[in-house]
Each structure stands twice: as C-alpha cells, then as structure tokens.
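**Student:** Here you go, entry_28.tsv (TSV, C-alpha atoms):
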```tsv
chain	number	residue	atom	x	y	z
I	173	MET	CA	-10.50	76.85	46.47
I	174	GLU	CA	-12.93	73.94	46.52
I	175	ALA	CA	-15.98	74.36	44.28
I	176	LYS	CA	-19.21	72.54	43.62
I	177	LYS	CA	-20.08	71.28	40.13
I	178	CYS	CA	-23.55	72.49	39.06
I	179	ARG	CA	-25.83	72.77	36.00
I	180	CYS	CA	-28.54	75.26	35.12
I	181	THR	CA	-31.95	73.81	34.19
I	182	ASN	CA	-33.53	77.04	32.92
I	183	PHE	CA	-33.69	75.68	29.37
I	184	SER	CA	-34.62	77.97	26.47
I	185	LEU	CA	-34.00	81.03	28.70
I	186	CYS	CA	-30.34	80.41	29.51
I	187	SER	CA	-27.56	79.51	27.10
I	188	LYS	CA	-25.61	77.69	29.86
I	189	ALA	CA	-28.59	75.41	30.43
I	190	ASP	CA	-29.06	74.82	26.69
I	191	ASN	CA	-25.35	73.92	26.30
I	192	LYS	CA	-25.41	71.72	29.40
I	193	GLU	CA	-22.45	73.69	30.69
I	194	ILE	CA	-20.96	72.69	34.04
I	195	ILE	CA	-20.79	75.71	36.37
I	196	ASP	CA	-18.27	75.84	39.25
I	197	ILE	CA	-19.72	77.56	42.41
I	198	PRO	CA	-17.31	78.14	45.31
I	199	VAL	CA	-18.29	76.33	48.50
I	200	GLY	CA	-20.33	78.64	50.75
I	201	ARG	CA	-21.91	80.64	47.93
I	202	GLU	CA	-25.54	80.49	46.88
I	203	LEU	CA	-26.18	78.05	44.02
I	204	LYS	CA	-27.48	80.59	41.44
I	205	CYS	CA	-26.82	80.68	37.69
I	206	PRO	CA	-24.49	83.61	37.00
I	207	GLU	CA	-26.30	84.24	33.69
I	208	CYS	CA	-29.99	83.94	34.48
I	209	GLY	CA	-30.03	83.79	38.29
I	210	PHE	CA	-31.98	80.51	38.22
I	211	ASP	CA	-31.35	77.97	40.98
I	212	LEU	CA	-28.62	75.49	40.03
I	213	ASP	CA	-28.68	71.72	40.47
I	214	GLU	CA	-25.57	70.33	42.10
I	215	ILE	CA	-23.95	67.36	40.31
I	216	LYS	CA	-23.64	64.77	43.09
I	217	GLY	CA	-20.40	62.70	43.28
I	218	SER	CA	-18.82	64.50	40.32
I	219	ASN	CA	-15.30	64.45	41.79
I	220	ASN	CA	-15.33	60.70	42.25
I	221	GLY	CA	-17.03	59.63	38.95
I	222	ASN	CA	-14.04	58.19	37.17
I	223	ARG	CA	-12.74	56.52	40.24
I	224	GLY	CA	-16.16	55.03	40.91
I	225	ARG	CA	-16.36	53.53	37.43
I	226	LEU	CA	-12.88	52.03	37.82
I	227	LEU	CA	-13.82	50.47	41.15
I	228	LEU	CA	-16.97	49.04	39.56
I	229	MET	CA	-14.96	47.35	36.81
I	230	ILE	CA	-12.51	45.92	39.33
I	231	GLY	CA	-15.39	44.62	41.38
I	232	VAL	CA	-16.97	42.87	38.42
I	233	ALA	CA	-13.63	41.24	37.56
I	234	VAL	CA	-13.19	40.00	41.11
I	235	VAL	CA	-16.67	38.48	41.06
I	236	ILE	CA	-15.94	36.65	37.80
I	237	VAL	CA	-12.68	35.21	39.17
I	238	VAL	CA	-14.33	34.11	42.40
I	239	VAL	CA	-17.28	32.48	40.63
I	240	GLY	CA	-14.94	30.74	38.16
I	241	GLY	CA	-12.81	29.43	41.02
I	242	ILE	CA	-15.85	28.05	42.79
I	243	LEU	CA	-17.07	26.26	39.66
I	244	PHE	CA	-13.58	24.87	39.06
I	245	PHE	CA	-13.35	23.28	42.51
I	246	LEU	CA	-16.95	22.06	42.41
I	247	ARG	CA	-16.36	20.23	39.09
I	248	GLY	CA	-12.93	18.96	40.13
I	249	GLU	CA	-11.62	18.97	36.51
I	250	SER	CA	-8.19	19.90	35.27
I	251	PRO	CA	-8.07	22.59	32.55
I	252	THR	CA	-6.26	20.10	30.33
I	253	THR	CA	-9.00	17.44	30.54
I	254	VAL	CA	-10.82	16.49	27.36
I	255	VAL	CA	-13.99	14.37	27.40
I	256	SER	CA	-14.23	12.03	24.43
I	257	LYS	CA	-17.40	10.93	22.62
I	258	THR	CA	-17.32	7.76	24.69
I	259	GLY	CA	-17.70	9.80	27.90
I	260	LYS	CA	-14.18	8.99	29.06
I	261	GLU	CA	-11.74	11.69	30.08
I	262	SER	CA	-8.33	12.01	28.55
I	263	ASN	CA	-5.55	14.52	28.77
I	264	SER	CA	-5.71	17.02	25.90
I	265	SER	CA	-2.02	16.67	25.10
I	266	THR	CA	-2.49	12.91	24.82
I	267	ALA	CA	-5.53	13.36	22.59
I	268	LEU	CA	-3.53	15.58	20.27
I	269	ALA	CA	-0.67	13.11	20.27
I	270	ASP	CA	-3.04	10.29	19.34
I	271	LYS	CA	-4.35	12.30	16.38
I	272	SER	CA	-0.81	13.04	15.29
I	273	ASP	CA	0.13	9.37	15.50
I	274	LYS	CA	-2.92	8.45	13.43
I	275	ASP	CA	-1.92	10.93	10.75
I	276	LYS	CA	1.51	9.28	10.64
I	277	LEU	CA	0.28	5.70	10.00
I	278	PRO	CA	2.51	4.09	7.31
I	279	PHE	CA	1.08	3.77	3.77
I	280	LEU	CA	1.64	0.36	2.15
I	281	THR	CA	3.04	0.69	-1.40
I	282	SER	CA	4.24	-2.81	-2.37
I	283	ILE	CA	5.22	-6.27	-1.17
I	284	SER	CA	7.87	-8.72	-2.35
I	285	ILE	CA	8.63	-12.42	-1.92
I	286	ASN	CA	11.91	-13.65	-0.46
I	287	GLY	CA	13.04	-17.23	-1.10
I	288	PRO	CA	14.86	-19.56	-3.49
I	289	SER	CA	14.10	-19.61	-7.22
I	290	THR	CA	14.68	-23.37	-7.48
I	291	VAL	CA	13.70	-26.20	-5.14
I	292	GLU	CA	14.38	-29.90	-5.55
I	293	GLU	CA	11.53	-32.40	-5.65
I	294	ASN	CA	10.36	-33.84	-2.28
I	295	LYS	CA	11.93	-30.94	-0.41
I	296	THR	CA	10.73	-27.93	1.58
I	297	ALA	CA	11.73	-24.28	1.27
I	298	ASN	CA	10.83	-21.22	3.31
I	299	TYR	CA	9.41	-18.03	1.78
I	300	SER	CA	8.71	-14.72	3.46
I	301	THR	CA	7.02	-11.45	2.55
I	302	SER	CA	8.52	-7.96	2.85
I	303	ALA	CA	6.24	-4.90	2.88
I	304	SER	CA	7.44	-1.49	1.68
I	305	TYR	CA	5.89	1.79	2.70
I	306	LYS	CA	5.62	5.28	1.23
I	307	GLU	CA	7.74	6.65	4.06
I	308	GLY	CA	10.66	4.45	2.96
I	309	ASP	CA	10.28	1.87	5.72
I	310	ALA	CA	10.15	-1.90	5.18
I	311	LYS	CA	9.32	-4.88	7.36
I	312	GLU	CA	8.47	-8.57	7.17
I	313	VAL	CA	4.74	-9.35	7.28
I	314	GLU	CA	2.53	-12.44	7.16
I	315	GLY	CA	0.49	-12.74	3.96
I	316	ASN	CA	-1.87	-15.26	2.39
I	317	TRP	CA	0.04	-17.78	0.27
I	318	SER	CA	-0.93	-19.86	-2.77
I	319	VAL	CA	0.88	-21.85	-5.46
I	320	SER	CA	-0.07	-22.57	-9.07
I	321	PRO	CA	-0.31	-25.16	-10.42
I	322	ASP	CA	-0.67	-27.16	-7.22
I	323	THR	CA	-0.04	-30.52	-8.93
I	324	TYR	CA	3.54	-30.82	-7.73
I	325	ALA	CA	3.71	-28.47	-4.73
I	326	SER	CA	1.79	-26.96	-1.83
I	327	ILE	CA	2.50	-24.01	0.43
I	328	SER	CA	1.46	-23.46	4.04
I	329	THR	CA	0.01	-20.35	5.65
I	330	LYS	CA	3.52	-19.64	7.00
I	331	GLY	CA	5.10	-19.70	3.52
I	332	VAL	CA	6.65	-23.18	3.69
I	333	LEU	CA	6.74	-24.73	0.22
I	334	THR	CA	6.60	-28.51	0.01
I	335	THR	CA	7.43	-30.12	-3.34
I	336	LYS	CA	6.36	-33.56	-4.59
I	337	SER	CA	7.86	-36.12	-6.96
I	338	ILE	CA	8.00	-34.87	-10.54
I	339	PRO	CA	8.62	-36.57	-13.91
I	340	SER	CA	10.83	-33.66	-15.00
I	341	ASP	CA	11.61	-30.08	-13.96
I	342	GLN	CA	8.41	-28.12	-13.36
I	343	ASN	CA	7.69	-24.38	-13.28
I	344	ILE	CA	5.34	-23.10	-10.57
I	345	THR	CA	4.20	-19.64	-9.50
I	346	ILE	CA	4.04	-18.61	-5.84
I	347	THR	CA	1.62	-15.81	-4.97
I	348	VAL	CA	1.20	-13.87	-1.72
I	349	GLU	CA	-1.43	-11.29	-0.83
I	350	TYR	CA	-1.31	-8.80	2.05
I	351	SER	CA	-3.43	-5.83	3.12
I	352	GLU	CA	-2.86	-3.09	5.68
I	353	GLY	CA	-4.61	0.19	6.38
I	354	GLY	CA	-7.20	-0.50	3.70
I	355	VAL	CA	-4.51	-1.05	1.02
I	356	ALA	CA	-4.16	-4.51	-0.59
I	357	GLN	CA	-1.03	-5.66	-2.43
I	358	LYS	CA	-0.02	-8.85	-4.23
I	359	ALA	CA	3.31	-10.30	-5.37
I	360	THR	CA	4.28	-13.35	-7.43
I	361	THR	CA	7.51	-15.18	-8.12
I	362	SER	CA	8.45	-18.04	-10.44
I	363	VAL	CA	10.05	-21.14	-8.95
I	364	VAL	CA	11.38	-24.24	-10.68
I	365	ILE	CA	11.03	-27.64	-9.04
I	366	THR	CA	14.06	-29.61	-10.19
I	367	LYS	CA	14.20	-33.34	-10.75
I	368	VAL	CA	16.74	-35.06	-8.51
I	369	ILE	CA	19.33	-36.96	-10.54
I	370	ALA	CA	19.87	-40.41	-9.08
I	371	ASN	CA	23.41	-41.67	-8.61
I	372	LYS	CA	23.72	-44.59	-11.04
I	373	SER	CA	27.38	-45.36	-10.36
I	374	ALA	CA	28.35	-48.93	-9.73
I	375	PRO	CA	28.03	-50.31	-6.15
I	376	GLY	CA	30.89	-49.25	-3.93
I	377	LYS	CA	31.88	-46.42	-6.26
I	378	GLN	CA	31.26	-42.75	-5.38
I	379	LYS	CA	32.45	-41.20	-8.59
I	380	ALA	CA	29.60	-39.87	-10.76
I	381	SER	CA	29.51	-40.28	-14.50
I	382	VAL	CA	30.38	-37.45	-16.87
I	383	ASP	CA	26.71	-37.05	-17.82
I	384	GLU	CA	25.66	-36.68	-14.20
I	385	ILE	CA	28.36	-34.10	-13.58
I	386	ASN	CA	27.21	-32.15	-16.63
I	387	LYS	CA	23.60	-32.26	-15.44
I	388	LEU	CA	24.56	-30.98	-11.99
I	389	SER	CA	26.62	-28.21	-13.54
I	390	ALA	CA	23.74	-27.36	-15.88
I	391	LYS	CA	21.41	-26.97	-12.89
I	392	LEU	CA	23.78	-24.45	-11.35
I	393	ASN	CA	23.69	-22.43	-14.59
I	394	PHE	CA	19.93	-22.72	-14.64
I	395	GLN	CA	19.58	-21.44	-11.06
I	396	GLN	CA	21.83	-18.48	-11.85
I	397	GLY	CA	19.73	-17.77	-14.94
I	398	MET	CA	16.56	-17.71	-12.82
I	399	ASN	CA	18.24	-15.22	-10.47
I	400	TYR	CA	18.98	-12.97	-13.44
I	401	VAL	CA	15.34	-13.22	-14.57
I	402	GLN	CA	14.18	-12.14	-11.13
I	403	SER	CA	16.42	-9.05	-11.36
I	404	GLU	CA	15.26	-8.44	-14.98
I	405	ASP	CA	18.80	-8.92	-16.33
I	406	TYR	CA	17.60	-10.87	-19.36
I	407	GLY	CA	20.88	-10.73	-21.30
I	408	ASN	CA	22.83	-12.60	-18.61
I	409	ALA	CA	19.84	-14.88	-17.98
I	410	ILE	CA	19.98	-16.01	-21.61
I	411	LYS	CA	23.72	-16.72	-21.30
I	412	GLU	CA	23.17	-18.92	-18.23
I	413	PHE	CA	20.27	-20.82	-19.77
I	414	THR	CA	22.30	-21.37	-22.93
I	415	ALA	CA	25.21	-22.73	-20.86
I	416	ALA	CA	22.79	-25.11	-19.13
I	417	ILE	CA	21.45	-26.35	-22.48
I	418	ASP	CA	24.97	-26.86	-23.82
I	419	LYS	CA	25.74	-29.13	-20.85
I	420	PHE	CA	22.35	-30.84	-20.79
I	421	PRO	CA	20.62	-30.66	-24.22
I	422	ASP	CA	17.35	-32.17	-22.93
I	423	TYR	CA	16.88	-29.50	-20.26
I	424	SER	CA	13.24	-28.53	-20.90
I	425	SER	CA	13.02	-25.83	-18.21
I	426	ALA	CA	16.13	-24.11	-19.54
I	427	TYR	CA	14.52	-23.87	-23.01
I	428	ALA	CA	11.21	-22.64	-21.55
I	429	ASN	CA	12.76	-19.93	-19.41
I	430	ARG	CA	15.20	-18.82	-22.08
I	431	ALA	CA	12.11	-18.31	-24.25
I	432	VAL	CA	10.63	-16.01	-21.59
I	433	ALA	CA	13.85	-13.98	-21.58
I	434	TYR	CA	13.76	-13.76	-25.38
I	435	MET	CA	10.15	-12.54	-25.21
I	436	GLN	CA	11.21	-9.74	-22.89
I	437	GLN	CA	13.74	-8.70	-25.54
I	438	LYS	CA	11.03	-9.00	-28.24
I	439	LYS	CA	13.00	-11.75	-30.00
I	440	PHE	CA	9.80	-13.62	-30.74
I	441	ASN	CA	11.15	-16.09	-33.32
I	442	LEU	CA	13.86	-17.32	-30.96
I	443	ALA	CA	11.29	-17.56	-28.16
I	444	ALA	CA	8.98	-19.65	-30.36
I	445	ASP	CA	11.79	-22.08	-31.22
I	446	ASP	CA	12.64	-22.58	-27.54
I	447	LEU	CA	9.03	-23.10	-26.47
I	448	LYS	CA	8.45	-25.68	-29.21
I	449	LYS	CA	11.63	-27.50	-28.12
I	450	ALA	CA	10.45	-27.46	-24.51
I	451	LEU	CA	7.14	-29.04	-25.58
I	452	GLU	CA	9.01	-31.77	-27.45
I	453	LEU	CA	10.78	-32.65	-24.20
I	454	THR	CA	7.78	-32.16	-21.85
I	455	PRO	CA	4.65	-32.28	-24.00
I	456	GLN	CA	2.22	-31.87	-21.09
I	457	ASP	CA	3.76	-28.90	-19.29
I	458	PRO	CA	0.90	-26.37	-18.77
I	459	ASN	CA	3.25	-23.43	-18.11
I	460	VAL	CA	5.02	-23.91	-21.45
I	461	TYR	CA	1.65	-23.85	-23.20
I	462	TYR	CA	0.72	-20.67	-21.33
I	463	ASN	CA	3.94	-18.94	-22.39
I	464	LEU	CA	3.29	-20.04	-25.96
I	465	THR	CA	-0.21	-18.52	-25.64
I	466	ALA	CA	1.29	-15.21	-24.52
I	467	LEU	CA	3.82	-15.28	-27.38
I	468	TYR	CA	1.15	-15.85	-30.04
I	469	SER	CA	-1.02	-13.13	-28.50
I	470	LEU	CA	1.84	-10.61	-28.75
I	471	GLN	CA	2.32	-11.58	-32.39
I	472	LYS	CA	-1.47	-11.32	-32.99
I	473	GLN	CA	-1.58	-14.94	-34.11
I	474	LEU	CA	-4.81	-15.36	-32.15
I	475	ASP	CA	-5.98	-18.71	-33.56
I	476	LEU	CA	-2.67	-20.27	-32.53
I	477	ALA	CA	-2.93	-18.53	-29.16
I	478	LEU	CA	-6.40	-20.01	-28.57
I	479	GLY	CA	-5.10	-23.50	-29.41
I	480	ALA	CA	-2.15	-23.17	-27.01
I	481	LEU	CA	-4.42	-21.83	-24.27
I	482	ASP	CA	-6.81	-24.75	-24.73
I	483	LYS	CA	-3.93	-27.22	-24.31
I	484	GLY	CA	-2.50	-25.41	-21.27
I	485	LEU	CA	-5.88	-25.50	-19.50
I	486	GLU	CA	-6.32	-29.15	-20.46
I	487	TYR	CA	-3.02	-30.01	-18.75
I	488	GLY	CA	-3.83	-28.11	-15.56
I	489	PHE	CA	-2.88	-24.45	-15.92
I	490	ASN	CA	-4.81	-22.62	-13.18
I	491	ASN	CA	-3.20	-19.23	-12.63
I	492	TYR	CA	-6.46	-17.44	-13.32
I	493	ASP	CA	-5.10	-14.09	-12.18
I	494	SER	CA	-2.67	-14.17	-15.13
I	495	LEU	CA	-5.53	-15.00	-17.50
I	496	ARG	CA	-7.34	-11.98	-16.14
I	497	LYS	CA	-4.52	-9.41	-15.99
I	498	ASP	CA	-1.41	-10.47	-17.96
I	499	PRO	CA	-0.76	-7.59	-20.43
I	500	ASP	CA	0.71	-10.07	-22.94
I	501	LEU	CA	-2.80	-11.51	-23.36
I	502	LYS	CA	-4.39	-8.15	-24.16
I	503	ASN	CA	-4.90	-9.00	-27.85
I	504	LEU	CA	-6.26	-12.46	-27.10
I	505	ARG	CA	-8.77	-11.24	-24.51
I	506	LYS	CA	-10.46	-9.21	-27.28
I	507	HIS	CA	-11.08	-12.34	-29.35
I	508	PRO	CA	-14.74	-13.48	-29.23
I	509	GLU	CA	-13.70	-17.11	-28.66
I	510	TYR	CA	-11.42	-16.34	-25.68
I	511	ARG	CA	-14.16	-16.77	-23.09
I	512	GLN	CA	-15.53	-19.78	-24.94
I	513	VAL	CA	-12.21	-21.60	-24.45
I	514	LEU	CA	-12.20	-20.68	-20.76
I	515	GLU	CA	-15.80	-21.78	-20.24
I	516	LYS	CA	-15.03	-25.06	-22.00
I	517	HIS	CA	-12.75	-25.79	-19.02
I	518	LYS	CA	-15.30	-24.49	-16.47
I	519	ILE	CA	-13.43	-21.22	-15.95
I	520	PHE	CA	-15.63	-18.14	-15.57
I	521	LEU	CA	-13.67	-14.92	-15.10
I	522	LYS	CA	-15.31	-11.67	-14.01
```
Take the structure in the file and give it back as structure tokens.

**Tutor:**
Amino acid sequence: MEAKKCRCTNFSLCSKADNKEIIDIPVGRELKCPECGFDLDEIKGSNNGNRGRLLLMIGVAVVIVVVGGILFFLRGESPTTVVSKTGKESNSSTALADKSDKDKLPFLTSISINGPSTVEENKTANYSTSASYKEGDAKEVEGNWSVSPDTYASISTKGVLTTKSIPSDQNITITVEYSEGGVAQKATTSVVITKVIANKSAPGKQKASVDEINKLSAKLNFQQGMNYVQSEDYGNAIKEFTAAIDKFPDYSSAYANRAVAYMQQKKFNLAADDLKKALELTPQDPNVYYNLTALYSLQKQLDLALGALDKGLEYGFNNYDSLRKDPDLKNLRKHPEYRQVLEKHKIFLK
C-alpha cells in the first residue's frame, strides 16, 4: 500500500518529533501523529530524493563537458600544443624530445693530434685533431693550431705544417686547442724537422756513398724511435735512437730524444750525458737547453737549471705553456730567481 512520508513537529511534547522520526501514513488517511495526535508535515518529493540528486550530478557533468567543448573549438588549439616562452607553439612531444636531446649532448673529454712525427725541411705535412667524448664516441674536429718554436716551421689554421731550411735536425712542438659545450681541451705532439742529405755522388752516378746510406738508415731508426716515444714505449725508443747513433754518430736529435726517454726511466745520469753531447753538436738548440733545464730541476740542481733555462730562452725557446705547467719544472718554479730569468727575456707568466 502506498504511504506518505511525514514528520511530527510537536517538539518537546512528542518523542517522534524530538527524534525526527519519519512516520508512514497510508494514502487517504488523516495526517495525524499516532503518538500525540498533532498534525503532521508531509515530506515533499521523498520518494524521488536519491534519483533527483543523481540527475543533478549528471546535469552538472553535462554542462562541464559542453562548456569545455565550446572553449576548445573557440580557441582552436590541440590538447598536445605547448606554447614556449617565445610565444611560439610547438607540439608537446617535440618539446619533450628536444629536452631529451639536450640532455644527451656529448661531453668532450680529450683531443689528440694525428700526423707524422718527422718532416723533412722545406716540406709540408698535414695534421688533424680527433675529439673523444665521455660516451665513447670520437670524431675529427677543427682546432686552433700553433707551433713552437716558429723559427723553422709554421702551421695553418687547417693544420698544414710548412717547414723551412734548417742547419741541422730541429725539434718543434705542435699544439692544438679545441672547445665544445663549454669544455676546452689541448693536445701537443713533438715533431722533428730533418735535414735533407744532399746527394754528393759524382756526376752521372746514382749510387750513394756508404756514409749517405748510413745516414738514411739512421733516420729510419730515428723515426721509429719517435713513434715509440709517442706510444710511451721508452725501452724500444732507446733501442732505435741508439741504432741511429751507431750509424750516424753526429746525430744530435737522436741524442736529445734518447735523453728524454732516459728521463722517463729516471736514468738521469745517462740523460745528462746525451743532452751534453747534443749541445756539442748543436750548441744553439733551444729545445735541448729546455730538456736540460727540466733534468736539472728534477735533480734539484736549481742553479744549473736556471743557467740552462737562460740559454734556452736566449736561443728562442717560446713554449710558454710548458714553462707554466710542465711538472718537471715544479722544483725550479719555487726558486726566487725563476721569474727573474723569465722577465730578463720579457716573459711575464700569470
């Protein structure tokens, strides 16, 4: 039987009213409280309350969807559109990809020089730079080139070395600098400019003398020795330099570079003998004087080191980066007269 939902409002005099109890009154009967007889108030729309609330929620949702759709078409934007700080629109997936690519930029760790270790006088040779990255990648890059001393050679911005006429074999240092992603790197390599041996055979004869053959063979040993120095195989380098000296006893560069190899093995007495011999043969070679400076510094013979440095600068040594950073000069740089010698030759290092 259908009934009406009612409440009694006779508060304080009726427990049903005080408890806000819902009273069911069959349709057709008088709306009176069965406890106190007071007139009841009918609860309007009680049967449809829950359904009404549900319909209200659905209605609100529909309105939101409709309004959102209208705004979407009015603005004409895709949900995946991102507006950058420049005011330009870009697809969000592209923006994320760009950020990912930026995070993956290679990190430069080192550079190296590729090219021959010996070059004849009045010749050209090509050098290139390889860059290595933290991720394990490597590629050729274009760096800034320089050569020291520049008395007997020059090098172009493309790494082309051009040598000049020389009185005897000369040691030079090639340097390249390169920066990428805010990281700067530098590499150096030693190169020997070799004196060309003229063919003094009699007119009409092509056969070279025994001495000339020995000198040519000695140069091959010397070149192989320089290759071993580059790979830090000083034992085999010494063997090749010694073979060159045996074939050509006046080979100044072979003595000078064998001394460097001896220094790496901490055989300082043998290194000193070779450097002194090299100076007998080429008394104005600035690189020999520099190596002698480094040797004396390692042995803490600082007065002798200062004298050798003074001579090397007098004859044109100008690899100032070595003067500033070479670890073999650590002891000498502490000497109070070190900077005085440099300033004597107008060299002011920071």

**Student:** Tell me which residues come within 12 Å of (20.7, -30.5, -24.2), as a list in words, counting all atoms listed in the file in the file's coordinates.

**Tutor:** Asp383, Asn386, Lys387, Ala390, Lys391, Phe413, Thr414, Ala415, Ala416, Ile417, Asp418, Lys419, Phe420, Pro421, Asp422, Tyr423, Ser424, Ser425, Ala426, Tyr427, Asp446, Lys449, Ala450 and Leu453 of chain I

**Student:** Go through I:Asn408, I:Gln471, I:Thr347, I:Thr290 one by one, measure the shortest atom-to-atom distance of each to Ile327 in chain I using all atoms listed in the file, and give the residue with the smallest value.

**Tutor:**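 Using all atoms listed in the file, Ile327 in chain I sits closest to I:Thr347.
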
**Student:** Could you jot down the CA of Val332 in chain I to CA of Ser320 in chain I separation for me, Å, one decimal place?

**Tutor:**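 These atoms are spaced 14.4 Å apart.
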
**Student:** Hey, can you check how far CA of Thr334 in chain I sits from CA of Leu447 in chain I?

**Tutor:** 27.1 Å

**Student:** Report, in Å with one decimal, the straight-line distance from CA of Met435 in chain I to CA of Thr465 in chain I.

**Tutor:**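 CA of Thr465 in chain I lies 12.0 Å from CA of Met435 in chain I.
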
**Student:** I'd like the neighbourhood of Arg505 in chain I as a ChimeraX atom specification, where a residue qualifies if any of its atoms comes within 9 Å (using only C-alpha atoms), though same-chain residues fewer than 6 positions away should be ignored.

**Tutor:** /I:469,495-496,511

**Student:** Between I:Asp196, I:Asp405, I:Asp445, I:Asp500, which is the closest to Lys472 in chain I once you count only C-alpha atoms?

**Tutor:**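 For Lys472 in chain I, the nearest of the given residues is I:Asp500.
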
**Student:** Hey, which of I:Pro278, I:Asn459, I:Val199, I:Pro206 ends up closest to Gly353 in chain I? Count all atoms listed in the file.

**Tutor:**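 Closest to Gly353 in chain I, using all atoms listed in the file: I:Pro278.
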
**Student:** Under the rule that all atoms listed in the file are counted, which of I:Gln437, I:Leu280, I:Thr454, I:Glu412 is the nearest residue to Ile338 in chain I?

**Tutor:** I:Thr454

**Student:** Pick the closest to Glu202 in chain I from I:Ile344, I:Leu485, I:Ala310, I:Cys178: which is it, counting only C-alpha atoms?

**Tutor:**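 Using only C-alpha atoms, the shortest distance to Glu202 in chain I belongs to I:Cys178.
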
**Student:** List as a list in words the protein and nucleic acid residues near Gln396 in chain I, meaning an atom at most 8 Å away when all atoms listed in the file are counted, but skip any in the same chain fewer than 3 places from it.

**Tutor:**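 The filter keeps Leu392, Asn393, Asn399, Tyr400, Ala409 and Glu412 of chain I.
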